[in-house]
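Only one structure is covered here, and it is reproduced in the block below.
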Amino acid sequence: MAAKAINALELRSVFQSYTQAPPWVLEGLSAAVSAGAITAILGPNGAGKTTLLHVILGYLPAQSGEVMIMGERLLSLARSLRSRWIGFVPQQESLPFALTAYEYALMGRAPFLGWLGKPGPEDHAAVEAVMAQIGLDALWERPIDALSGGEAQLLRLARALVQETRILLLDEPTAHLDLKNRAAVLDALARIAGRDGRTVVFTTHEPETALAVADEAILMHGGRVLASGPAGSVLTGKNLSALYDLPLAVRRVDGHAVVFPGEGKEDD
């Protein structure tokens with residue numbers, strides 16, 4: 001009999017509150033993320049999506065419950081090991097000093113360097129390969145404050161990729177991007193999971209973003225899981241209508257899943 005596959009992430013009845021007591025931001029939340037899958041955490045603003053990522057990263061402690069990373073308890077993992085296993089791409093980031101795009105991406109190699117260690121040939125090779133993969137190899141010397149919104153988001157993704165983690169978490173990776181840059185980010189995520197076999201988890205409040213690339217989906221509302229599982233069976237008009245308290249239908253248009261307002265029969 002084949003061994004049961006280990007989930008990349010698993011949350012078991014997690015409670016979290018910024019006041020250490022009710023009201024809960026996460027209320028008895030349980031969910032699992034398959035290794036090697038792209039999982040979308042979908043929900044309206046205030047659903048607890050970003051808080052969930054911070055709990056997974058260990059930035060925020062859960063008042064109760066358990067977070068498992070690759071079958072290991074989060075609290076049992078040394079901080080240095082967490083940084084080798086999990087990468088994080090925030091929505092925005094402010095840095096107190098000026099860097100070039102290359103220097104910023106090179107920061108992702110910090111977990112591989114010793115105390116006061118300097119990047120070596122392997123570190124530079126990793127950065128060069130990732131920046132070429134993401135399409136940023138022409139921007140090495142450009143200051144990060146001179147990048148467009150889409151370029152900055154791709155650079156944040158590049159920095160996380162050079163960290164070479166097994167799991168990549170992204171908070172609203174397509175927020176505030178135009179259609180071209182949104183497509184570039186989603187294409188990069190699909191290639192990362194498909195070629196490298198990494199586990200990709202991203203939050204979004206946009207159903208069509210989830211429908212475009214996700215293998216699995218977790219729907220969150222009020223700090224709880226409304227539905228979870230394969231994206232095709234979770235991202236339905238019925239579930240999305242309940243999630244957003246708005247009549248919605250999912251239909252196929254030119255081979256793409258599109259969300260329409262209003263009730264109606266969905267395409268198979």
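Residue numbering restarts at 1 for every chain of the structure tokens, chains are lettered A, B, ... in their displayed order, and ligands are numbered from 1 as they appear.
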Compile the contact shell of range 49-52 of chain A as number ranges by chain: residues with an atom at most 12 Å away, counting only C-alpha atoms, same-chain residues fewer than 6 positions apart removed.
A: 9-11, 14-18, 24-31, 40-43, 58-62, 67, 88-91, 169-173, 201-205, 218-225
DSSP-assigned strand (DSSP E) members of range 97-259 of chain A, reported as JSON, numbers by chain
{"A": [167, 168, 169, 170, 171, 199, 200, 201, 202, 203, 204, 216, 217, 218, 219, 220, 221, 224, 225, 226, 227, 228, 229, 230, 248, 249, 250, 251, 252, 253, 256, 257, 258, 259]}
Output for the residues just chosen: C-alpha atoms as a short mmCIF file (atom, residue, chain, number, x, y, z; two decimals), in the first residue's frame:
```
data_model
loop_
_atom_site.label_atom_id
_atom_site.label_comp_id
_atom_site.auth_asym_id
_atom_site.auth_seq_id
_atom_site.Cartn_x
_atom_site.Cartn_y
_atom_site.Cartn_z
CA ILE A 167 6.46 26.57 -0.11
CA LEU A 168 5.72 30.05 -1.46
CA LEU A 169 3.08 32.26 0.17
CA LEU A 170 1.81 35.39 -1.59
CA ASP A 171 -0.54 38.04 -0.22
CA THR A 199 3.71 24.55 -3.36
CA VAL A 200 2.19 27.97 -4.10
CA VAL A 201 -0.44 29.54 -1.83
CA PHE A 202 -1.88 32.97 -2.54
CA THR A 203 -4.65 35.10 -1.11
CA THR A 204 -7.04 37.03 -3.30
CA GLU A 216 -7.19 23.98 -5.03
CA ALA A 217 -9.20 26.67 -3.27
CA ILE A 218 -10.03 27.62 0.30
CA LEU A 219 -12.99 29.98 0.75
CA MET A 220 -12.81 32.06 3.94
CA HIS A 221 -15.50 34.15 5.55
CA ARG A 224 -13.80 30.34 9.10
CA VAL A 225 -13.54 28.00 6.12
CA LEU A 226 -16.70 28.11 4.05
CA ALA A 227 -15.51 25.47 1.56
CA SER A 228 -12.23 23.88 0.46
CA GLY A 229 -11.01 21.31 -2.06
CA PRO A 230 -10.32 21.08 -5.79
CA LEU A 248 -22.93 35.14 -8.91
CA ALA A 249 -22.58 32.57 -11.67
CA VAL A 250 -19.48 30.97 -13.21
CA ARG A 251 -19.53 30.34 -16.96
CA ARG A 252 -17.02 29.37 -19.63
CA VAL A 253 -16.22 32.01 -22.23
CA HIS A 256 -11.92 30.62 -19.66
CA ALA A 257 -13.98 30.62 -16.48
CA VAL A 258 -15.67 33.98 -15.98
CA VAL A 259 -17.70 35.17 -13.01
#
```
DSSP helix (DSSP H, G or I) residues within range 55-221 of chain A, listed as a PyMOL selection string:
chain A and resi 55-57+74-76+79-85+101-112+121-134+137-139+144-146+149-161+179-196+207-213
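Candidate residues A:Val127, A:Ile134, A:Ala152, A:Ala160 were compared for distance to Ala184 in chain A, and the nearest is A:Ile134, using only C-alpha atoms.
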Find the distance between CA of Ile86 in chain A and CA of His54 in chain A and write it in Å to one decimal.
11.6 Å
